[in-house]
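J.: Contents of target.pdb (PDB, C-alpha atoms and all ligand atoms) are below:
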ATOM      1  CA  MET A   1     132.159 -34.131 153.756
ATOM      2  CA  THR A   2     129.406 -35.877 155.578
ATOM      3  CA  MET A   3     127.138 -34.035 157.908
ATOM      4  CA  THR A   4     125.580 -35.656 160.939
ATOM      5  CA  LEU A   5     122.386 -34.109 162.181
ATOM      6  CA  LEU A   6     121.412 -35.390 165.593
ATOM      7  CA  PRO A   7     117.678 -35.464 166.405
ATOM      8  CA  ILE A   8     116.874 -32.821 169.011
ATOM      9  CA  ASN A   9     115.088 -33.955 172.160
ATOM     10  CA  GLN A  10     111.825 -32.171 172.830
ATOM     11  CA  TYR A  11     110.034 -30.984 175.961
ATOM     12  CA  GLY A  12     108.782 -34.028 177.851
ATOM     13  CA  ASP A  13     111.796 -36.219 177.027
ATOM     14  CA  LYS A  14     113.271 -37.488 180.280
ATOM     15  CA  ILE A  15     116.909 -36.799 179.466
ATOM     16  CA  LEU A  16     116.159 -33.071 179.415
ATOM     17  CA  ARG A  17     115.362 -33.250 183.151
ATOM     18  CA  LYS A  18     118.564 -35.110 184.042
ATOM     19  CA  LYS A  19     121.715 -33.538 185.408
ATOM     20  CA  ALA A  20     124.725 -33.871 183.117
ATOM     21  CA  GLN A  21     127.722 -35.992 184.105
ATOM     22  CA  PRO A  22     131.315 -34.684 184.021
ATOM     23  CA  VAL A  23     133.331 -35.311 180.860
ATOM     24  CA  LYS A  24     136.485 -37.318 181.620
ATOM     25  CA  LYS A  25     139.948 -36.112 180.635
ATOM     26  CA  GLY A  26     140.770 -37.365 177.160
ATOM     27  CA  ASP A  27     137.215 -38.477 176.343
ATOM     28  CA  PRO A  28     137.767 -40.044 172.885
ATOM     29  CA  GLU A  29     134.250 -39.159 171.673
ATOM     30  CA  LEU A  30     134.311 -35.491 172.615
ATOM     31  CA  VAL A  31     135.680 -33.820 169.470
ATOM     32  CA  ALA A  32     133.474 -35.727 167.012
ATOM     33  CA  PHE A  33     130.436 -35.257 169.242
ATOM     34  CA  VAL A  34     130.957 -31.498 169.478
ATOM     35  CA  LYS A  35     131.345 -31.276 165.693
ATOM     36  CA  ASN A  36     127.993 -33.031 165.311
ATOM     37  CA  MET A  37     126.479 -30.684 167.880
ATOM     38  CA  PHE A  38     127.592 -27.649 165.839
ATOM     39  CA  GLU A  39     126.174 -29.095 162.616
ATOM     40  CA  THR A  40     122.910 -29.895 164.369
ATOM     41  CA  MET A  41     122.640 -26.445 165.950
ATOM     42  CA  HIS A  42     123.525 -24.526 162.792
ATOM     43  CA  ASN A  43     121.066 -26.573 160.741
ATOM     44  CA  ALA A  44     118.334 -25.712 163.254
ATOM     45  CA  MET A  45     119.344 -22.013 163.253
ATOM     46  CA  GLY A  46     119.987 -22.143 166.991
ATOM     47  CA  VAL A  47     122.468 -19.997 168.949
ATOM     48  CA  GLY A  48     123.121 -22.569 171.672
ATOM     49  CA  LEU A  49     122.805 -26.308 172.249
ATOM     50  CA  ALA A  50     123.399 -28.529 175.277
ATOM     51  CA  ALA A  51     124.475 -32.179 175.040
ATOM     52  CA  ASN A  52     121.303 -33.540 176.649
ATOM     53  CA  GLN A  53     119.277 -31.870 173.893
ATOM     54  CA  VAL A  54     120.872 -34.390 171.534
ATOM     55  CA  GLY A  55     120.682 -37.385 173.826
ATOM     56  CA  SER A  56     124.009 -37.296 175.678
ATOM     57  CA  ASN A  57     124.568 -36.869 179.412
ATOM     58  CA  LYS A  58     127.964 -35.198 178.892
ATOM     59  CA  ALA A  59     128.434 -31.844 180.643
ATOM     60  CA  VAL A  60     128.980 -29.940 177.399
ATOM     61  CA  PHE A  61     127.250 -27.091 175.660
ATOM     62  CA  ILE A  62     128.036 -24.952 172.635
ATOM     63  CA  VAL A  63     127.190 -21.377 171.754
ATOM     64  CA  ASP A  64     127.422 -19.453 168.488
ATOM     65  CA  ILE A  65     125.620 -16.132 168.270
ATOM     66  CA  SER A  66     127.377 -15.030 165.049
ATOM     67  CA  VAL A  67     124.273 -16.020 163.050
ATOM     68  CA  MET A  68     122.604 -12.930 164.489
ATOM     69  CA  LYS A  69     123.217  -9.759 162.542
ATOM     70  CA  GLU A  70     124.177  -7.856 165.707
ATOM     71  CA  TYR A  71     127.080 -10.228 166.499
ATOM     72  CA  PRO A  72     128.798 -11.207 163.212
ATOM     73  CA  ASN A  73     132.249 -11.335 164.847
ATOM     74  CA  GLU A  74     131.473 -13.548 167.831
ATOM     75  CA  LYS A  75     133.242 -16.865 167.550
ATOM     76  CA  PRO A  76     131.680 -20.261 168.227
ATOM     77  CA  ARG A  77     132.447 -21.489 171.745
ATOM     78  CA  VAL A  78     132.523 -24.859 173.493
ATOM     79  CA  PHE A  79     132.042 -25.262 177.242
ATOM     80  CA  VAL A  80     133.097 -28.571 178.784
ATOM     81  CA  ASN A  81     132.427 -29.252 182.491
ATOM     82  CA  PRO A  82     131.237 -25.670 183.046
ATOM     83  CA  LYS A  83     130.620 -24.052 186.429
ATOM     84  CA  ILE A  84     129.241 -20.540 186.801
ATOM     85  CA  ILE A  85     131.277 -19.058 189.636
ATOM     86  CA  GLU A  86     129.939 -15.484 189.740
ATOM     87  CA  ARG A  87     126.676 -13.827 188.813
ATOM     88  CA  SER A  88     126.099 -10.056 188.779
ATOM     89  CA  GLU A  89     123.538  -8.486 191.092
ATOM     90  CA  GLU A  90     122.221  -6.612 188.100
ATOM     91  CA  LYS A  91     119.609  -8.568 186.198
ATOM     92  CA  ILE A  92     118.003  -8.014 182.826
ATOM     93  CA  SER A  93     114.948  -9.404 181.095
ATOM     94  CA  TYR A  94     114.979 -10.638 177.503
ATOM     95  CA  GLU A  95     112.934 -12.921 175.308
ATOM     96  CA  GLU A  96     114.167 -16.510 174.982
ATOM     97  CA  GLY A  97     113.279 -19.555 172.929
ATOM     98  CA  CYS A  98     114.646 -23.098 172.774
ATOM     99  CA  LEU A  99     115.164 -25.769 170.103
ATOM    100  CA  SER A 100     113.565 -28.255 172.541
ATOM    101  CA  ILE A 101     110.490 -26.007 172.984
ATOM    102  CA  PRO A 102     109.767 -24.844 169.419
ATOM    103  CA  ASP A 103     107.631 -21.750 168.832
ATOM    104  CA  VAL A 104     107.397 -20.878 172.516
ATOM    105  CA  ARG A 105     108.969 -17.610 173.571
ATOM    106  CA  ALA A 106     108.963 -15.773 176.891
ATOM    107  CA  ASP A 107     110.867 -13.068 178.724
ATOM    108  CA  VAL A 108     113.325 -14.423 181.271
ATOM    109  CA  VAL A 109     115.090 -12.411 183.980
ATOM    110  CA  ARG A 110     118.753 -13.359 184.394
ATOM    111  CA  PRO A 111     121.968 -11.878 185.791
ATOM    112  CA  LYS A 112     123.498  -9.474 183.261
ATOM    113  CA  LYS A 113     127.072 -10.731 183.765
ATOM    114  CA  ILE A 114     128.579 -14.041 184.716
ATOM    115  CA  LYS A 115     131.988 -15.543 185.333
ATOM    116  CA  ILE A 116     132.317 -19.157 184.252
ATOM    117  CA  ALA A 117     135.012 -21.794 184.768
ATOM    118  CA  PHE A 118     135.129 -24.525 182.131
ATOM    119  CA  GLN A 119     137.360 -26.549 179.827
ATOM    120  CA  ASP A 120     137.687 -25.789 176.135
ATOM    121  CA  LEU A 121     137.505 -28.483 173.461
ATOM    122  CA  GLU A 122     141.151 -29.451 174.136
ATOM    123  CA  GLN A 123     140.162 -29.614 177.813
ATOM    124  CA  ASN A 124     142.361 -26.679 178.845
ATOM    125  CA  GLU A 125     141.074 -25.027 182.047
ATOM    126  CA  MET A 126     139.552 -21.612 181.364
ATOM    127  CA  VAL A 127     137.828 -18.853 183.342
ATOM    128  CA  LEU A 128     136.041 -16.126 181.379
ATOM    129  CA  GLU A 129     133.510 -13.372 181.952
ATOM    130  CA  PHE A 130     130.556 -12.719 179.693
ATOM    131  CA  ASP A 131     127.792 -10.159 179.655
ATOM    132  CA  ASP A 132     124.569  -9.210 177.920
ATOM    133  CA  PHE A 133     123.285 -11.521 175.188
ATOM    134  CA  LEU A 134     126.190 -13.973 175.237
ATOM    135  CA  ALA A 135     125.885 -14.296 179.033
ATOM    136  CA  ARG A 136     122.183 -15.008 178.561
ATOM    137  CA  VAL A 137     122.705 -17.767 176.005
ATOM    138  CA  ILE A 138     125.396 -19.332 178.191
ATOM    139  CA  GLN A 139     123.093 -19.290 181.238
ATOM    140  CA  HIS A 140     120.251 -20.834 179.198
ATOM    141  CA  GLU A 141     122.510 -23.693 178.043
ATOM    142  CA  TYR A 142     124.047 -24.091 181.507
ATOM    143  CA  ASP A 143     120.511 -24.533 182.845
ATOM    144  CA  HIS A 144     119.956 -27.404 180.398
ATOM    145  CA  LEU A 145     122.893 -29.265 181.966
ATOM    146  CA  GLN A 146     121.070 -29.005 185.324
ATOM    147  CA  GLY A 147     117.800 -30.244 183.789
ATOM    148  CA  VAL A 148     116.241 -26.774 183.812
ATOM    149  CA  PHE A 149     114.245 -25.092 181.008
ATOM    150  CA  PHE A 150     113.830 -21.356 180.490
ATOM    151  CA  THR A 151     110.118 -21.956 180.999
ATOM    152  CA  ASP A 152     110.878 -22.976 184.603
ATOM    153  CA  ARG A 153     112.056 -19.405 185.174
ATOM    154  CA  ILE A 154     108.906 -17.546 184.122
ATOM    155  CA  SER A 155     105.909 -16.585 186.249
ATOM    156  CA  GLU A 156     103.165 -19.092 187.071
ATOM    157  CA  TRP A 157     100.779 -16.973 185.066
ATOM    158  CA  GLU A 158     103.021 -17.190 182.005
ATOM    159  CA  GLN A 159     103.511 -20.908 182.550
ATOM    160  CA  LYS A 160      99.737 -21.307 182.447
ATOM    161  CA  LYS A 161      99.608 -19.501 179.115
ATOM    162  CA  ILE A 162     102.070 -21.912 177.464
ATOM    163  CA  LYS A 163     100.848 -25.129 179.096
ATOM    164  CA  LYS A 164      98.912 -26.236 176.002
ATOM    165  CA  ASP A 165     101.904 -25.561 173.771
ATOM    166  CA  LEU A 166     104.119 -27.723 175.983
ATOM    167  CA  ILE A 167     101.637 -30.603 175.771
ATOM    168  CA  LYS A 168     101.563 -30.246 171.978
ATOM    169  CA  ILE A 169     105.356 -30.422 171.869
ATOM    170  CA  LYS A 170     105.389 -33.467 174.135
ATOM    171  CA  ASN A 171     102.928 -35.162 171.768
ATOM    172  CA  ARG A 172     104.872 -33.972 168.702
ATOM    173  CA  LYS A 173     101.905 -32.007 167.389
ATOM    174  CA  ILE A 174     104.422 -29.520 166.046
ATOM    175  CA  GLU A 175     105.987 -28.502 162.792
ATOM    176  CA  VAL A 176     109.713 -27.945 162.909
ATOM    177  CA  ASP A 177     112.220 -27.820 160.096
ATOM    178  CA  TYR A 178     114.938 -29.803 161.864
ATOM    179  CA  PRO A 179     115.104 -33.447 162.999
ATOM    180  CA  VAL A 180     113.582 -34.136 166.417
ATOM    181  CA  THR A 181     113.379 -37.293 168.504
ATOM    182  CA  GLU A 182     110.253 -39.422 168.521
ATOM    183  CA  ARG A 183     107.950 -39.092 171.471
ATOM    184  CA  GLU A 184     109.068 -41.220 174.407
ATOM    185  CA  LYS A 185     106.729 -43.829 175.797
ATOM    186  CA  ASP A 186     105.311 -42.899 179.215
TER     187      ASP A 186
HETATM  188 ZN    ZN B 201     117.252 -24.457 175.197
END
Please express what this file holds, its structure, as structure tokens.
Ligand code: ZN
T.:
Amino acid sequence: MTMTLLPINQYGDKILRKKAQPVKKGDPELVAFVKNMFETMHNAMGVGLAANQVGSNKAVFIVDISVMKEYPNEKPRVFVNPKIIERSEEKISYEEGCLSIPDVRADVVRPKKIKIAFQDLEQNEMVLEFDDFLARVIQHEYDHLQGVFFTDRISEWEQKKIKKDLIKIKNRKIEVDYPVTEREKD
């Protein structure tokens, strides 16, 4: 079996600021692309990955938190053309990181529960509710499809603290143990 690892776009790459485009019914590339996304994410030890992180404008993200010891029974999930349709009033804060922003971590406040409409990999229409950690990962990936980073959701003071790190990432002055894209020309 061959494995395809896609290079992961890093902070500063323009595609990460672009809004995703809807996936068409019967998109012939979808299944193979999602398989490559899973291989890329698992190789990088990530729990979520959005299509624009691997250079595609498709409105797709994947989540698999079963690599964490607290959630061994959670199955991998694919979200095609997702839309969050409800968010709980109750919010919680938790530390996040991102494969496109290596070695940067910060607490992010997000709704505790969400309801999301989406299509599965076979493009069946689904509506499901999620809470706690899974809801957090889903919201983080959903943000990517809108061109938003978790670092956009932290205080100005915290943004100041990580500014140098973001510049280092943009300039690829980083050490990561998974393939990343080359720095884009300005
Ligand atoms: Zn991310």
J.: Near Gln146 in chain A, within 9 Å and counting all atoms listed in the file, which residues show up once chain neighbours fewer than 3 positions away are dropped, as a list in words?
T.: Leu16, Arg17, Lys18, Lys19, Ala20, Tyr142, Asp143 and Phe149 of chain A
J.: Please produce an output containing C-alpha atoms for each residue in the selection, written as a CSV table (one decimal), in the coordinates of the input.
T.:
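This went into again-v7.csv:
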chain,number,residue,atom,x,y,z
A,16,LEU,CA,116.2,-33.1,179.4
A,17,ARG,CA,115.4,-33.2,183.2
A,18,LYS,CA,118.6,-35.1,184.0
A,19,LYS,CA,121.7,-33.5,185.4
A,20,ALA,CA,124.7,-33.9,183.1
A,142,TYR,CA,124.0,-24.1,181.5
A,143,ASP,CA,120.5,-24.5,182.8
A,149,PHE,CA,114.2,-25.1,181.0
J.: Which value, in Å to one decimal, gives the distance between CA of Gly55 in chain A and CA of Pro7 in chain A?
T.: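 Separation between CA of Gly55 in chain A and CA of Pro7 in chain A: 8.2 Å.
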J.: Using all atoms listed in the file, can you tell me which of A:Glu141, A:Glu122, A:Asp107, A:Asp132 comes closest to ligand ZN 201 (chain B)?
T.: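 Nearest candidate to ligand ZN 201 (chain B) out of A:Glu141, A:Glu122, A:Asp107, A:Asp132: A:Glu141.
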J.: Please report the interatomic distance between CA of Leu5 in chain A and CA of Glu39 in chain A in Å with one decimal.
T.: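 Separation of CA of Leu5 in chain A and CA of Glu39 in chain A: 6.3 Å.
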J.: Counting only C-alpha atoms, what is within 7 Å of Arg172 in chain A, bar same-chain residues fewer than 3 positions away, as a VMD selection string?
T.: chain A and resid 168 to 169 183
J.: Go ahead and compute the interatomic distance for CA of Pro82 in chain A and CA of Tyr94 in chain A, in Å to one decimal.
T.: 22.8 Å
J.: Please determine the residues with any atom at most 12 Å from (125.9, -32.2, 177.6) (coordinates as given in the file, with all atoms listed in the file counting) and report them as a PyMOL selection string.
T.: chain A and resi 15-23+30+33-34+37+48-62+78-82+141-147
J.: Output C-alpha atoms of each residue in that selection to a file, as a PDB file, in the coordinates of the input.
T.:
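The resulting again15.pdb:
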ATOM      1  CA  ILE A  15     116.909 -36.799 179.466  1.00  0.00           C
ATOM      2  CA  LEU A  16     116.159 -33.071 179.415  1.00  0.00           C
ATOM      3  CA  ARG A  17     115.362 -33.250 183.151  1.00  0.00           C
ATOM      4  CA  LYS A  18     118.564 -35.110 184.042  1.00  0.00           C
ATOM      5  CA  LYS A  19     121.715 -33.538 185.408  1.00  0.00           C
ATOM      6  CA  ALA A  20     124.725 -33.871 183.117  1.00  0.00           C
ATOM      7  CA  GLN A  21     127.722 -35.992 184.105  1.00  0.00           C
ATOM      8  CA  PRO A  22     131.315 -34.684 184.021  1.00  0.00           C
ATOM      9  CA  VAL A  23     133.331 -35.311 180.860  1.00  0.00           C
ATOM     10  CA  LEU A  30     134.311 -35.491 172.615  1.00  0.00           C
ATOM     11  CA  PHE A  33     130.436 -35.257 169.242  1.00  0.00           C
ATOM     12  CA  VAL A  34     130.957 -31.498 169.478  1.00  0.00           C
ATOM     13  CA  MET A  37     126.479 -30.684 167.880  1.00  0.00           C
ATOM     14  CA  GLY A  48     123.121 -22.569 171.672  1.00  0.00           C
ATOM     15  CA  LEU A  49     122.805 -26.308 172.249  1.00  0.00           C
ATOM     16  CA  ALA A  50     123.399 -28.529 175.277  1.00  0.00           C
ATOM     17  CA  ALA A  51     124.475 -32.179 175.040  1.00  0.00           C
ATOM     18  CA  ASN A  52     121.303 -33.540 176.649  1.00  0.00           C
ATOM     19  CA  GLN A  53     119.277 -31.870 173.893  1.00  0.00           C
ATOM     20  CA  VAL A  54     120.872 -34.390 171.534  1.00  0.00           C
ATOM     21  CA  GLY A  55     120.682 -37.385 173.826  1.00  0.00           C
ATOM     22  CA  SER A  56     124.009 -37.296 175.678  1.00  0.00           C
ATOM     23  CA  ASN A  57     124.568 -36.869 179.412  1.00  0.00           C
ATOM     24  CA  LYS A  58     127.964 -35.198 178.892  1.00  0.00           C
ATOM     25  CA  ALA A  59     128.434 -31.844 180.643  1.00  0.00           C
ATOM     26  CA  VAL A  60     128.980 -29.940 177.399  1.00  0.00           C
ATOM     27  CA  PHE A  61     127.250 -27.091 175.660  1.00  0.00           C
ATOM     28  CA  ILE A  62     128.036 -24.952 172.635  1.00  0.00           C
ATOM     29  CA  VAL A  78     132.523 -24.859 173.493  1.00  0.00           C
ATOM     30  CA  PHE A  79     132.042 -25.262 177.242  1.00  0.00           C
ATOM     31  CA  VAL A  80     133.097 -28.571 178.784  1.00  0.00           C
ATOM     32  CA  ASN A  81     132.427 -29.252 182.491  1.00  0.00           C
ATOM     33  CA  PRO A  82     131.237 -25.670 183.046  1.00  0.00           C
ATOM     34  CA  GLU A 141     122.510 -23.693 178.043  1.00  0.00           C
ATOM     35  CA  TYR A 142     124.047 -24.091 181.507  1.00  0.00           C
ATOM     36  CA  ASP A 143     120.511 -24.533 182.845  1.00  0.00           C
ATOM     37  CA  HIS A 144     119.956 -27.404 180.398  1.00  0.00           C
ATOM     38  CA  LEU A 145     122.893 -29.265 181.966  1.00  0.00           C
ATOM     39  CA  GLN A 146     121.070 -29.005 185.324  1.00  0.00           C
ATOM     40  CA  GLY A 147     117.800 -30.244 183.789  1.00  0.00           C
TER      41      GLY A 147
END
J.: Collect all residues with atoms no farther than 6 Å from ligand ZN 201 (chain B), counting all atoms listed in the file, and output them as a list of chain:residue names.
T.: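 Sorted by chain and then by number, the residues are A:Cys98, A:Leu99, A:Ser100.
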J.: Could you tell me which of A:Asn36, A:Arg87, A:Ala106, A:Ile8 comes closest to Asp152 in chain A if we count only C-alpha atoms?
T.: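 The answer is A:Ala106, which sits nearest to Asp152 in chain A.
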J.: Taking the point (107.9, -24.9, 176.1) as given in the file, collect each protein or nucleic acid residue that comes within 9 Å of it, counting only C-alpha atoms, and present the set as a VMD selection string.
T.: chain A and resid 10 to 11 97 to 98 100 to 105 149 to 151 159 162 to 163 165 to 167 169
J.: List the spatial neighbours of Ile114 in chain A as a list in words - criterion: any atom at most 10 Å away, all atoms listed in the file, same-chain residues fewer than 2 positions off excluded.
T.: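 Those residues are Ile84, Ile85, Glu86, Arg87, Ser88, Glu89, Arg110, Pro111, Lys112, Ile116, Leu128, Glu129, Phe130, Asp131, Asp132, Leu134, Ala135, Arg136, Ile138 and Gln139 of chain A.
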J.: Of the residues A:Met41, A:Leu6, A:Val127, A:Leu121, which is the one nearest to Asp27 in chain A, using only C-alpha atoms?
T.: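 Looking only at the distances to Asp27 in chain A, the closest residue turns out to be A:Leu121.
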J.: Hey, which of A:Ile154, A:Lys170, A:Met126, A:Val63 ends up closest to Ser93 in chain A? Count all atoms listed in the file.
T.: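 Smallest separation from Ser93 in chain A among the options: A:Ile154.
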J.: Ranking A:Gln123, A:Arg77, A:Ser155, A:Asn171 by minimum distance to Val137 in chain A and counting all atoms listed in the file, which one comes first?
T.: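 Of all the options, A:Arg77 lies closest to Val137 in chain A.
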J.: Show which residues sit within 10 Å of Asp186 in chain A, as a VMD selection string. Count all atoms listed in the file, and ignore same-chain residues fewer than 6 positions away.
T.: chain A and resid 12 to 14
J.: For Met45 in chain A, which of A:Trp157, A:Lys25, A:Ser66, A:Glu182 is the closest residue, counting all atoms listed in the file?
T.: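 Checking each of A:Trp157, A:Lys25, A:Ser66, A:Glu182 against Met45 in chain A, counting all atoms listed in the file, the winner is A:Ser66.
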